[in-house]
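Since the structure comes first, as structure tokens, the remarks are kept for the end.
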Amino acid sequence: MSTVDDKTVDDKTVDDATAAGARTGRGALGVDAPRPDGGPKVRGEFAFSGDLWADDMVWGATLRSPHASARIRSIDVSAALALPGVTTVVTADDVPGSKYYGLEHRDQPVFAWEQVRYAGEPVAAVAADHPETARRALAAIVVDYEVTPPVLDPEEALTAPDLHPDGNTFRRLLINKGDPTARGPVVVEGTYELGMQDQAFMGPEAGLASPAEDGGIDLIVSTQWLHNDRDQIAEALGLPPDKVRLTLGGVGGAFGGREDVSLQIHASLLAQRAGRPVKMVYSREESFLGHVHRHPGRLWMRHSADADGTIVSYEARIVLDGGAYRSSSYHVVANAACFSAGPYNTPNAVVEGLGVRTNNPPCGAMRGFGAVQVCFAHEAQMDELADACGIDRVELRLRNAMAPGDTLLTGQVVDGALPVAEVIRATAALPLPEPLAADPSASDPMGRPGGAGRTTDHGDVVRGTGFAVGFKNLMYAEGYDDDSHASCHLEGGIVTVTCAAAEVGQGFVTLCQQIGREVLGVDDVVVAPADTAIGSAGSTSASRQTWMSGGAVEKACRSVRAQVLTGVAGAHGAEEADLDLVGGRVVARSGAVPVDVALADLTADRAFSDSVRFQHRTTYPLDADGQGDAHVSVACAAHRAVVDVDPELGLVRVVQIATAQDVGKVLNPTAAIGQVEGGIAQGVGLAVMEEMLLVEGRPRNPSFTDYLIPTALDVPDVLIDWIEVPEPEAPFGAKGIGEPPVISSTPAVVAAIRAATGRPLVRVPVRPADIVGLDG
Amino acid sequence: MTAPYVLTVNGTERTVEDAWLGESLLYVLRERLGLPGSKSGCEQGECGSCSVEVDGELVCSCLVLAASATGTAITTVEGLQPERSDFTDVQQAFVDEGAVQCGFCTPGLVMAVHDLLNRTSEPSDLEVREAISGNLCRCTGYGRVFAAVEAAVAVRRGVVS
């Protein structure tokens with residue numbers, strides 16, 4: 001690893017963070033720190049939400065529509081209820097409160113009653129003494145469907161009769177920047193498509209709902225946002241929010257797929273009706289049916305440039321298929337449109353972004369959130385533009401790279417860090433892999449395209465290299481009143497931090513400990529369970545928790561630190577400014593009064609604590625021309641991919657990906673590497689293998705046998721360079737790092753396959769037939 | 001319901017009563033014997049999260065009928081290092097090298113890496129990749145898992161302790 005020197009920043013918080021580790025014996029900010037849940041996880045003792053058990057518990061299961069579009073004439077649950085072992089059966093008739101739910105807008109039925117709008121839509125749920133009994137009960141429910149023709153093409157949906165009372169357009173966002181008539185002499189144009197990607201987190205949806213004595217519900221569940229779930233459950237159950245209490249169960253990955261409610265309302269309703277705890281665990285098939293996916297997209301783009309490659313104009317039409325219900329489509333469209341030109345200076349732009357309702361499965365949040373789709377298109381365009389201008393592809397990107405002070409498509413001036421040229425140069429400077437061996441015997445067939453299939457002859461392998469750059473906003477946008485709450489409590493020498501931020505694997509619990517150690521100079525920081533007893537932390541999404549909840553935890557810890565220093569200074573007649581917290585003690589660093597007090601003694605019979613709310617800067621809605629200061633901050637990355645291709649068989653092996661990423665400040669090097677490597681694997685997956693296939697709107701491959709995600713044999717070697725330019729307004733100067741790795745890795749891989757094959761490859765995932773040329 | 005049967009799990013004989021004959025070994029371990037360390041990620045032998053050893057052989061416990069495993073020696077992740085607060089070399093390497101994120105695939109990966117290192121002391125890069133290619137992980141991209149295997153190999157070779 002190397003780090004680009006930053007000579008422009010003089011930020012005390014960052015300097016403090018740089019001195020990491022000096023304050024305590026364990027990992028503070030800036031150095032590796034062990035995960036507090038690492039030990040239990042390797043021993044199999046960590047309690048995931050599917051590992052829970054309660055006395056007198058029954059099993060819940062969901063009946064889902066096999067049809068993408070149908071009217072429901074009747075539902076007969078009598079045979080299911082009559083089965084021995086069945087506790088209760090619920091349908092829409094049994095929902096006591098709101099019959100609709102939804103992450104941002106309540107447009108999705110808890111259970112469909114008159115109409116089903118996608119294959120997989122819940123129609124009923126049962127609770128029974130055994131998972132197998134529950135499955136048999138589902139099979140015994142008789143639903144009389146009148147199947148109707150589904151609307152599956154988003155373009156068709158734009159003019160089709162309304163599929164829902166809210167209409168078929170989730171959002172149409174227009175961006176007009178600069179002079180719409182401006183044109184440069186060099187013009188490139190293309191249409192690009194992306195298939196439907198799934199988050200494919202490893203731990204299927206699971207939860208345990210228990211009826212409480214006060215008539216409320218206690219739910220332990222894997223989610224990304226406890227409080228939003230709580231509010232939707234309370235509305236559907238007709239309960240006040242404080243009667244619905246959620247605790248985060250162990251979460252087996254998320255990647256956006258747990259932002260929306262899945263089984264939360266169903267399990268709570270079953271528990272309420274049954275008067276017994278209800279455990280629900282999705283099968284892998286139901287997981288594919290039961291959460292939103294990444295929007296498939298069709299994108300048209302046209303760029304014009306001067307002969308030297310300087311971009312003059314940009315036009316785009318972005319059509320995202322949102323499926324049957326809105327989920328987060330409204331904001332995915334905004335992200336896609338706002339960042340659709342990539343991190344390049346684009347003085348004149350006309351963009352139309354559309355999110356459309358169809359009878360396909362609902363789409364919503366997935367890591368990258370709109371930026372993934374547009375990056376695949378704009379990076380193909382950049383390669384075309386460079387070729388048309390006759391200049392190097394990396395050079396073209398450098399020539400147009402945005403920098404602080406430049407404007408987004410929305411007219412917003414980027415006033416924080418934006419080291420686009422730096423990530424490009426650093427990525428290009430990373431070493432390439434060893435060239436293909438001339439001697440076939442030096443090449444293990446397992447390492448060739450096709451891997452374990454051992455089908456590719458060494459002599460058929462062609463190598464290609466591709467380059468791509470992407471960027472995306474951090475945190476919520478367009479005026480959303482985003483916040484996070486946290487508390488810090490110091491007593492008996494023990495620091496306890498409480499925050500409702502969902503730990504989904506990313507390592508927020510580790511960061512909490514690092515912040516506590518850094519600010520309070522202690523070794524031990526206890527991270528309390530995340531639940532709804534404290535205020536909302538917002539969602540674990542949008543690369544926002546390090547900034548928002550990290551900021552809240554820091555603010556709470558700093559308050560406690562200030563109370564301790566004030567108290568000790570007063571008791572000793574010392575100056576607060578002379579005191580510091582180091583190694584679990586309050587000590588005088590300077591001044592005339594010697595002070596050395598152990599925190600354990602100081603807090604043996606008293607406590608210091610505070611609860612705080614943290615917010616980022618205000619953002620504003622976009623105007624009719626898509627202009628406005630809608631975003632908080634942006635982060636960029638570049639990726640260079642090297643691939644080996646067997647052009648005759650259409651097989652690909654991604655050999656290496658090199659990346660430099662704009663991270664602000666690395667807070668935990670090993671955890672940061674893990675985020676980048678994991679994100680790249682998902683980007684590689686979208687490039688060459690991952691797609692939810694639909695036939696008449698029905699998922700055809702809802703299993704890990706048929707929906708392929710990268711294995712250990714499919715992932716490339718990854719080289720990483722951190723670009724550390726601290727973000728002025730971010731706690732510790734750190735930007736969220738989870739999303740950029742998944743944005744430009746996909747187009748880099750596809751560019752490399754194009755380089756190896758000469759094929760146009762305007763659609764991902766790239767299939768063998770596309771490479772061989774069977775696609776016509 | 002089937003007649004009671006006995007499974008030998010982590011060296012202990014455990015009686016399974018009132019079970020349905022169709023239950024997988026994974027289900028019985030998790031829901032009847034209080035051993036939820038093995039995870040259910042796909043129910044069709046693709047993800048490896050449920051990996052256990054049956055008579056020394058690494059298998060997906062979701063594909064084994066529990067009642068057919070009588071008379072075998074079953075080892076689960078809970079049986080690798082019975083001493084609480086202690087770790088095997090492989091478990092320690094996973095913690096130290098950042099191979100754990102959400103952790104759902106981790107027990108299965110730990111089982112697979114133990115199986116690999118019991119078969120070969122110095123696996124090549126491709127041997128490591130192949131050995132764990134039946135264990136899907138969605139968080140890490142496997143990079144830190146490779147680092148953990150390398151660290152565990154070094155410990156066993158006595159290069160580091």
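Ligands are numbered from 1 in the order shown, chains are lettered A, B, ... in the order of the structure tokens, and residues start at 1 in each chain.
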
If we count only C-alpha atoms and set the cut-off at 9 Å, which residues sit around A:Val394, ignoring sequence neighbours fewer than 6 positions away in its own chain? Please answer as a PDB file with N, CA and C atoms, in the first residue's frame.
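Wrote around-v8.pdb, looks like this:
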```
ATOM      1  N   ASP A 383     -14.320   5.615 -23.459  1.00  0.00           N
ATOM      2  CA  ASP A 383     -13.407   4.869 -24.332  1.00  0.00           C
ATOM      3  C   ASP A 383     -13.675   5.204 -25.796  1.00  0.00           C
ATOM      4  N   ALA A 386     -12.352   8.716 -26.533  1.00  0.00           N
ATOM      5  CA  ALA A 386     -10.883   8.750 -26.645  1.00  0.00           C
ATOM      6  C   ALA A 386     -10.454   8.201 -27.998  1.00  0.00           C
ATOM      7  N   ILE A 424      -6.967   8.401 -10.828  1.00  0.00           N
ATOM      8  CA  ILE A 424      -6.649   7.884 -12.170  1.00  0.00           C
ATOM      9  C   ILE A 424      -5.151   7.611 -12.279  1.00  0.00           C
ATOM     10  N   ARG A 425      -4.359   8.591 -11.905  1.00  0.00           N
ATOM     11  CA  ARG A 425      -2.901   8.429 -12.034  1.00  0.00           C
ATOM     12  C   ARG A 425      -2.395   7.290 -11.150  1.00  0.00           C
ATOM     13  N   ALA A 428      -3.334   3.881 -12.629  1.00  0.00           N
ATOM     14  CA  ALA A 428      -2.535   3.567 -13.818  1.00  0.00           C
ATOM     15  C   ALA A 428      -1.097   3.208 -13.445  1.00  0.00           C
ATOM     16  N   PHE A 467      -9.976   0.183 -18.399  1.00  0.00           N
ATOM     17  CA  PHE A 467      -9.847   1.216 -17.366  1.00  0.00           C
ATOM     18  C   PHE A 467     -11.193   1.898 -17.193  1.00  0.00           C
ATOM     19  N   ALA A 468     -11.536   2.221 -15.957  1.00  0.00           N
ATOM     20  CA  ALA A 468     -12.800   2.926 -15.733  1.00  0.00           C
ATOM     21  C   ALA A 468     -12.707   3.759 -14.462  1.00  0.00           C
TER      22      ALA A 468
END
```

6 Å contact set for stretch 620-633 of chain A, only C-alpha atoms, chain neighbours under 5 positions out, as a list in words: Leu174, Ile175, Asn176, Thr410, Gly411, Gln412, Asn473, Leu474, Ala477, Glu478 and Gly479 of chain A

Include C-alpha atoms and write out the residues we just selected as a short mmCIF file (atom, residue, chain, number, x, y, z; two decimals), in the first residue's frame.
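Result went into again-v8.cif, see below:
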```
data_model
loop_
_atom_site.label_atom_id
_atom_site.label_comp_id
_atom_site.auth_asym_id
_atom_site.auth_seq_id
_atom_site.Cartn_x
_atom_site.Cartn_y
_atom_site.Cartn_z
CA LEU A 174 -34.85 16.27 -16.06
CA ILE A 175 -31.45 17.90 -15.80
CA ASN A 176 -30.66 20.89 -17.99
CA THR A 410 -26.82 19.70 -10.95
CA GLY A 411 -24.77 22.89 -10.92
CA GLN A 412 -23.60 22.16 -7.39
CA ASN A 473 -22.60 10.80 -3.56
CA LEU A 474 -22.29 9.93 0.11
CA ALA A 477 -29.80 13.91 -0.63
CA GLU A 478 -32.38 16.37 -1.88
CA GLY A 479 -33.23 17.95 1.48
#
```

Find, counting only C-alpha atoms, the residue in A:Leu432, A:Val527, A:Ala426, A:Ala254 that gets nearest to chain B.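 Under the stated criterion, the closest residue is A:Ala254.
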
If we count only C-alpha atoms, which residues of chain B reach to within 7 Å of chain A? Please list them as an MDAnalysis selection string. chainID B and resid 36:38 41:42 46 77:78 91 95 98 100:107 129:130 132:133 136:144

Counting only C-alpha atoms, the residue of A:Gly758, A:Pro731, A:Gly591, A:Pro440 that sits nearest A:Trp547: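 Looking at the shortest contact to A:Trp547, the residue is A:Pro731.
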
Do you know which residues are at most 8 Å from stretch 14-27 of chain B counting only C-alpha atoms, after dropping those on the same chain fewer than 3 positions away, and could you put them as a JSON list (two decimals) with N, CA and C atoms, in the first residue's frame?
```json
[["chain", "number", "residue", "atom", "x", "y", "z"],
["B", 1, "MET", "N", -43.68, -38.70, 12.68],
["B", 1, "MET", "CA", -42.50, -38.68, 13.53],
["B", 1, "MET", "C", -41.81, -40.04, 13.46],
["B", 2, "THR", "N", -40.52, -40.00, 13.48],
["B", 2, "THR", "CA", -39.74, -41.22, 13.36],
["B", 2, "THR", "C", -39.29, -41.69, 14.75],
["B", 3, "ALA", "N", -38.80, -42.90, 14.81],
["B", 3, "ALA", "CA", -38.29, -43.44, 16.07],
["B", 3, "ALA", "C", -37.03, -42.66, 16.48],
["B", 4, "PRO", "N", -36.75, -42.62, 17.78],
["B", 4, "PRO", "CA", -35.53, -41.91, 18.20],
["B", 4, "PRO", "C", -34.29, -42.52, 17.55],
["B", 5, "TYR", "N", -33.31, -41.66, 17.25],
["B", 5, "TYR", "CA", -32.03, -42.15, 16.75],
["B", 5, "TYR", "C", -30.91, -41.36, 17.41],
["B", 6, "VAL", "N", -29.71, -41.92, 17.31],
["B", 6, "VAL", "CA", -28.57, -41.32, 18.01],
["B", 6, "VAL", "C", -27.55, -40.82, 17.00],
["B", 7, "LEU", "N", -27.10, -39.59, 17.20],
["B", 7, "LEU", "CA", -26.01, -39.03, 16.39],
["B", 7, "LEU", "C", -24.82, -38.75, 17.31],
["B", 8, "THR", "N", -23.64, -39.03, 16.80],
["B", 8, "THR", "CA", -22.43, -38.72, 17.56],
["B", 8, "THR", "C", -21.86, -37.41, 17.03],
["B", 9, "VAL", "N", -22.03, -36.38, 17.82],
["B", 9, "VAL", "CA", -21.64, -35.04, 17.37],
["B", 9, "VAL", "C", -20.58, -34.48, 18.31],
["B", 30, "ARG", "N", -29.04, -27.68, 14.07],
["B", 30, "ARG", "CA", -29.40, -26.31, 14.45],
["B", 30, "ARG", "C", -30.62, -26.23, 15.37],
["B", 31, "GLU", "N", -31.65, -26.99, 15.00],
["B", 31, "GLU", "CA", -32.94, -26.79, 15.67],
["B", 31, "GLU", "C", -33.21, -27.80, 16.78],
["B", 32, "ARG", "N", -32.51, -28.94, 16.77],
["B", 32, "ARG", "CA", -32.80, -29.96, 17.79],
["B", 32, "ARG", "C", -31.65, -30.17, 18.76],
["B", 33, "LEU", "N", -30.42, -29.95, 18.30],
["B", 33, "LEU", "CA", -29.28, -30.24, 19.16],
["B", 33, "LEU", "C", -28.58, -28.98, 19.68],
["B", 38, "SER", "N", -23.41, -24.08, 12.33],
["B", 38, "SER", "CA", -23.50, -24.38, 10.90],
["B", 38, "SER", "C", -24.68, -23.61, 10.35],
["B", 39, "LYS", "N", -24.47, -22.91, 9.22],
["B", 39, "LYS", "CA", -25.48, -21.97, 8.71],
["B", 39, "LYS", "C", -26.20, -22.52, 7.49],
["B", 40, "SER", "N", -27.44, -22.06, 7.34],
["B", 40, "SER", "CA", -28.24, -22.46, 6.19],
["B", 40, "SER", "C", -28.30, -21.30, 5.20],
["B", 50, "CYS", "N", -22.94, -24.59, 5.58],
["B", 50, "CYS", "CA", -23.36, -25.63, 6.52],
["B", 50, "CYS", "C", -22.32, -26.73, 6.64],
["B", 61, "SER", "N", -23.97, -30.24, 5.27],
["B", 61, "SER", "CA", -24.93, -30.94, 6.13],
["B", 61, "SER", "C", -26.37, -30.72, 5.68],
["B", 62, "CYS", "N", -26.60, -29.75, 4.80],
["B", 62, "CYS", "CA", -27.96, -29.57, 4.27],
["B", 62, "CYS", "C", -28.33, -30.69, 3.32],
["B", 63, "LEU", "N", -27.32, -31.40, 2.79],
["B", 63, "LEU", "CA", -27.59, -32.47, 1.82],
["B", 63, "LEU", "C", -27.58, -33.86, 2.46],
["B", 64, "VAL", "N", -27.33, -33.92, 3.75],
["B", 64, "VAL", "CA", -27.27, -35.20, 4.45],
["B", 64, "VAL", "C", -28.56, -35.39, 5.24],
["B", 65, "LEU", "N", -29.21, -36.50, 5.02],
["B", 65, "LEU", "CA", -30.39, -36.82, 5.84],
["B", 65, "LEU", "C", -29.90, -37.15, 7.25],
["B", 66, "ALA", "N", -30.45, -36.47, 8.24],
["B", 66, "ALA", "CA", -29.92, -36.64, 9.60],
["B", 66, "ALA", "C", -29.97, -38.10, 10.04],
["B", 67, "ALA", "N", -31.08, -38.74, 9.76],
["B", 67, "ALA", "CA", -31.25, -40.11, 10.24],
["B", 67, "ALA", "C", -30.28, -41.08, 9.56],
["B", 69, "ALA", "N", -27.15, -40.39, 9.22],
["B", 69, "ALA", "CA", -25.82, -40.11, 9.76],
["B", 69, "ALA", "C", -25.58, -40.84, 11.08]]
```

Name the residues in contact with stretch 117-127 of chain B at a cut-off of 7 Å, using only C-alpha atoms, excluding same-chain residues fewer than 4 positions from it; report them as a ChimeraX atom specification. /B:113,131,153

With N, CA and C atoms retained, could you export that selection as a compact mmCIF listing (two decimals), in the first residue's frame?
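Generated file (again_34.txt):
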```
# COMPACT_ATOMS: atom_id res chain seq x y z
N VAL B 113 -11.18 -24.82 5.42
CA VAL B 113 -9.74 -24.57 5.50
C VAL B 113 -9.08 -25.61 6.41
N ALA B 131 -10.03 -25.27 -3.09
CA ALA B 131 -10.51 -25.90 -1.86
C ALA B 131 -11.66 -25.13 -1.22
N VAL B 153 -1.11 -21.43 7.39
CA VAL B 153 -0.06 -22.31 6.85
C VAL B 153 1.28 -21.97 7.48
```

From a DSSP calculation on the backbone, collect every residue of stretch 231-471 of chain A in strand (DSSP E) and output the set as a compact mmCIF listing (two decimals) with C-alpha atoms, in the first residue's frame.
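Below is the file part.txt, written as the result:
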```
# COMPACT_ATOMS: atom_id res chain seq x y z
CA VAL A 244 -43.15 -2.12 18.54
CA ARG A 245 -39.64 -2.74 19.76
CA LEU A 246 -36.92 -3.95 17.43
CA THR A 247 -33.51 -5.37 18.27
CA LEU A 248 -30.92 -6.07 15.63
CA VAL A 278 -43.02 -16.74 15.54
CA LYS A 279 -39.74 -17.49 13.82
CA MET A 280 -39.42 -16.85 10.12
CA VAL A 281 -36.40 -17.82 8.02
CA GLY A 297 -31.46 -0.34 -17.04
CA ARG A 298 -31.42 0.80 -20.63
CA LEU A 299 -29.34 3.90 -21.16
CA TRP A 300 -28.72 6.05 -24.20
CA MET A 301 -25.85 8.54 -24.11
CA ARG A 302 -24.34 11.00 -26.58
CA HIS A 303 -21.20 13.00 -25.89
CA SER A 304 -19.56 15.64 -27.99
CA ALA A 305 -16.05 16.95 -27.52
CA ILE A 311 -16.11 17.34 -23.35
CA VAL A 312 -18.49 19.95 -24.75
CA SER A 313 -21.91 18.40 -24.38
CA TYR A 314 -23.65 15.40 -22.94
CA GLU A 315 -27.13 14.04 -23.50
CA ALA A 316 -28.65 10.97 -21.89
CA ARG A 317 -31.86 9.09 -21.41
CA ILE A 318 -31.80 6.64 -18.51
CA VAL A 319 -34.64 4.18 -18.10
CA LEU A 320 -34.62 2.07 -14.94
CA ASP A 321 -37.13 -0.74 -14.42
CA GLY A 322 -38.41 -0.33 -10.88
CA GLY A 323 -40.68 -3.34 -10.95
CA ASN A 348 -23.61 21.46 -21.13
CA ALA A 349 -25.99 18.61 -20.41
CA VAL A 350 -29.52 17.44 -21.06
CA VAL A 351 -30.49 14.34 -19.09
CA GLU A 352 -33.78 12.52 -18.68
CA GLY A 353 -33.93 9.97 -15.86
CA LEU A 354 -36.92 7.66 -15.61
CA GLY A 355 -37.96 5.08 -13.03
CA VAL A 356 -40.85 2.99 -14.28
CA ARG A 357 -43.36 0.61 -12.74
CA VAL A 462 -6.17 -13.61 -25.18
CA ARG A 463 -5.41 -10.95 -22.61
CA GLY A 464 -7.08 -7.55 -22.42
CA THR A 465 -6.86 -4.49 -20.19
CA GLY A 466 -9.56 -1.94 -19.42
CA PHE A 467 -9.85 1.22 -17.37
CA ALA A 468 -12.80 2.93 -15.73
CA VAL A 469 -13.55 5.73 -13.29
CA GLY A 470 -16.68 6.33 -11.26
CA PHE A 471 -18.10 8.44 -8.51
```

With a distance cut-off of 8 Å and only C-alpha atoms, select the neighbouring residues of stretch 222-238 of chain A, excluding the residue or stretch itself and same-chain residues fewer than 3 positions from it, and output the selection as a PyMOL selection string. chain A and resi 48-49+95-103+110+205-207+241+243-252+254+256+258-261+264-265+268-269+500-504+531-532+536-541

Okay, now the selection with N, CA and C atoms, as a tab-separated table (two decimals), in the first residue's frame?
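The resulting file, again.tsv, is reproduced below:
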```tsv
chain	number	residue	atom	x	y	z
A	48	PHE	N	-26.90	-15.11	14.72
A	48	PHE	CA	-27.59	-14.49	13.59
A	48	PHE	C	-29.09	-14.55	13.84
A	49	SER	N	-29.83	-13.73	13.10
A	49	SER	CA	-31.27	-13.65	13.37
A	49	SER	C	-31.96	-14.97	13.09
A	95	VAL	N	-55.02	-7.86	8.34
A	95	VAL	CA	-54.11	-6.75	8.65
A	95	VAL	C	-54.91	-5.65	9.34
A	96	PRO	N	-54.64	-5.38	10.62
A	96	PRO	CA	-55.50	-4.47	11.37
A	96	PRO	C	-55.29	-2.99	11.05
A	97	GLY	N	-54.11	-2.64	10.61
A	97	GLY	CA	-53.81	-1.23	10.36
A	97	GLY	C	-53.68	-0.97	8.87
A	98	SER	N	-52.65	-0.22	8.51
A	98	SER	CA	-52.42	0.09	7.10
A	98	SER	C	-52.18	-1.19	6.31
A	99	LYS	N	-52.88	-1.34	5.21
A	99	LYS	CA	-52.68	-2.53	4.38
A	99	LYS	C	-51.54	-2.34	3.39
A	100	TYR	N	-50.93	-1.14	3.42
A	100	TYR	CA	-49.80	-0.86	2.54
A	100	TYR	C	-48.56	-0.54	3.37
A	101	TYR	N	-47.42	-0.87	2.80
A	101	TYR	CA	-46.16	-0.49	3.42
A	101	TYR	C	-45.20	-0.06	2.31
A	102	GLY	N	-44.02	0.39	2.69
A	102	GLY	CA	-43.03	0.78	1.70
A	102	GLY	C	-41.95	1.61	2.36
A	103	LEU	N	-40.74	1.49	1.84
A	103	LEU	CA	-39.57	2.14	2.46
A	103	LEU	C	-39.73	3.66	2.49
A	110	VAL	N	-49.32	-5.27	2.16
A	110	VAL	CA	-48.73	-6.24	3.10
A	110	VAL	C	-49.01	-7.65	2.58
A	205	GLU	N	-33.10	-13.77	4.92
A	205	GLU	CA	-33.94	-12.99	5.82
A	205	GLU	C	-34.43	-13.88	6.97
A	206	ALA	N	-34.38	-13.36	8.20
A	206	ALA	CA	-34.81	-14.14	9.34
A	206	ALA	C	-35.17	-13.21	10.49
A	207	GLY	N	-36.10	-13.66	11.32
A	207	GLY	CA	-36.46	-12.87	12.48
A	207	GLY	C	-37.30	-13.68	13.44
A	241	PRO	N	-45.99	3.46	17.68
A	241	PRO	CA	-44.61	3.02	17.42
A	241	PRO	C	-43.90	2.50	18.66
A	243	LYS	N	-44.95	0.70	20.93
A	243	LYS	CA	-45.33	-0.68	21.28
A	243	LYS	C	-44.64	-1.70	20.39
A	244	VAL	N	-43.91	-1.22	19.43
A	244	VAL	CA	-43.15	-2.12	18.54
A	244	VAL	C	-41.67	-1.88	18.81
A	245	ARG	N	-41.03	-2.88	19.37
A	245	ARG	CA	-39.64	-2.74	19.76
A	245	ARG	C	-38.78	-3.69	18.95
A	246	LEU	N	-37.79	-3.13	18.26
A	246	LEU	CA	-36.92	-3.95	17.43
A	246	LEU	C	-35.51	-4.01	18.02
A	247	THR	N	-34.92	-5.18	17.92
A	247	THR	CA	-33.51	-5.37	18.27
A	247	THR	C	-32.83	-6.00	17.06
A	248	LEU	N	-31.63	-5.52	16.77
A	248	LEU	CA	-30.92	-6.07	15.63
A	248	LEU	C	-30.41	-7.47	15.93
A	249	GLY	N	-30.86	-8.45	15.14
A	249	GLY	CA	-30.26	-9.78	15.22
A	249	GLY	C	-29.01	-9.79	14.36
A	250	GLY	N	-28.20	-10.82	14.49
A	250	GLY	CA	-27.00	-10.90	13.66
A	250	GLY	C	-27.37	-10.86	12.18
A	251	VAL	N	-26.71	-9.99	11.43
A	251	VAL	CA	-27.07	-9.76	10.03
A	251	VAL	C	-26.04	-10.41	9.11
A	252	GLY	N	-26.49	-11.29	8.27
A	252	GLY	CA	-25.60	-11.99	7.33
A	252	GLY	C	-25.46	-11.26	6.02
A	254	ALA	N	-25.91	-7.46	3.66
A	254	ALA	CA	-27.10	-6.68	3.33
A	254	ALA	C	-27.01	-6.08	1.92
A	256	GLY	N	-27.91	-3.38	0.61
A	256	GLY	CA	-29.10	-2.69	0.13
A	256	GLY	C	-30.34	-3.56	0.18
A	258	ARG	N	-31.64	-5.28	2.45
A	258	ARG	CA	-32.42	-5.31	3.69
A	258	ARG	C	-32.92	-3.92	4.06
A	259	GLU	N	-32.90	-2.99	3.12
A	259	GLU	CA	-33.44	-1.67	3.43
A	259	GLU	C	-34.96	-1.73	3.49
A	260	ASP	N	-35.53	-2.52	2.59
A	260	ASP	CA	-36.98	-2.66	2.57
A	260	ASP	C	-37.41	-3.73	3.56
A	261	VAL	N	-38.63	-3.57	4.07
A	261	VAL	CA	-39.23	-4.61	4.91
A	261	VAL	C	-39.42	-5.89	4.09
A	264	GLN	N	-40.76	-8.63	8.19
A	264	GLN	CA	-40.97	-7.97	9.49
A	264	GLN	C	-42.45	-7.87	9.85
A	265	ILE	N	-43.25	-7.40	8.90
A	265	ILE	CA	-44.68	-7.21	9.22
A	265	ILE	C	-45.37	-8.58	9.31
A	268	SER	N	-44.55	-10.28	12.62
A	268	SER	CA	-45.17	-9.58	13.74
A	268	SER	C	-46.68	-9.82	13.77
A	269	LEU	N	-47.30	-9.80	12.60
A	269	LEU	CA	-48.74	-10.03	12.53
A	269	LEU	C	-49.08	-11.47	12.96
A	500	ALA	N	-28.10	2.90	17.23
A	500	ALA	CA	-28.97	1.96	16.53
A	500	ALA	C	-28.49	1.63	15.13
A	501	ALA	N	-27.29	2.07	14.78
A	501	ALA	CA	-26.77	1.76	13.44
A	501	ALA	C	-26.65	0.25	13.26
A	502	ALA	N	-27.14	-0.23	12.14
A	502	ALA	CA	-27.12	-1.67	11.89
A	502	ALA	C	-25.74	-2.13	11.45
A	503	GLU	N	-25.16	-3.02	12.24
A	503	GLU	CA	-23.93	-3.70	11.84
A	503	GLU	C	-24.34	-4.85	10.91
A	504	VAL	N	-23.95	-4.74	9.65
A	504	VAL	CA	-24.35	-5.77	8.69
A	504	VAL	C	-23.15	-6.56	8.19
A	531	ASP	N	-30.85	-1.24	19.08
A	531	ASP	CA	-32.29	-1.46	19.18
A	531	ASP	C	-33.01	-0.13	19.07
A	532	THR	N	-34.34	-0.18	19.17
A	532	THR	CA	-35.12	1.04	18.99
A	532	THR	C	-35.36	1.79	20.30
A	536	SER	N	-33.17	6.99	16.17
A	536	SER	CA	-32.75	6.37	14.92
A	536	SER	C	-31.31	6.73	14.57
A	537	ALA	N	-30.64	5.78	13.95
A	537	ALA	CA	-29.31	6.05	13.39
A	537	ALA	C	-29.39	6.16	11.87
A	538	GLY	N	-30.62	6.10	11.34
A	538	GLY	CA	-30.75	6.04	9.89
A	538	GLY	C	-30.31	4.69	9.37
A	539	SER	N	-30.30	4.57	8.08
A	539	SER	CA	-30.03	3.28	7.46
A	539	SER	C	-28.53	3.05	7.28
A	540	THR	N	-28.15	1.77	7.37
A	540	THR	CA	-26.80	1.40	6.96
A	540	THR	C	-26.80	1.29	5.45
A	541	SER	N	-26.64	2.44	4.82
A	541	SER	CA	-26.68	2.51	3.35
A	541	SER	C	-26.09	3.84	2.94
```

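Contact shell of B:Gly56 at 9 Å (only C-alpha atoms; same-chain neighbours under 4 positions omitted): Val52, Ala73, Ile74, Thr75 and Asp115 of chain B.
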
Using only C-alpha atoms, pick whichever of B:Gly48, B:Glu43, B:Cys60, B:Leu80 has the shortest atom-to-atom distance to B:Asn10.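 Of B:Gly48, B:Glu43, B:Cys60, B:Leu80, the one nearest B:Asn10 is B:Leu80, counting only C-alpha atoms.
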
Tell me, in Å to one decimal, how far atom CA of A:Glu491 is from atom CA of A:Asp523.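 Those two atoms sit 13.9 Å apart.
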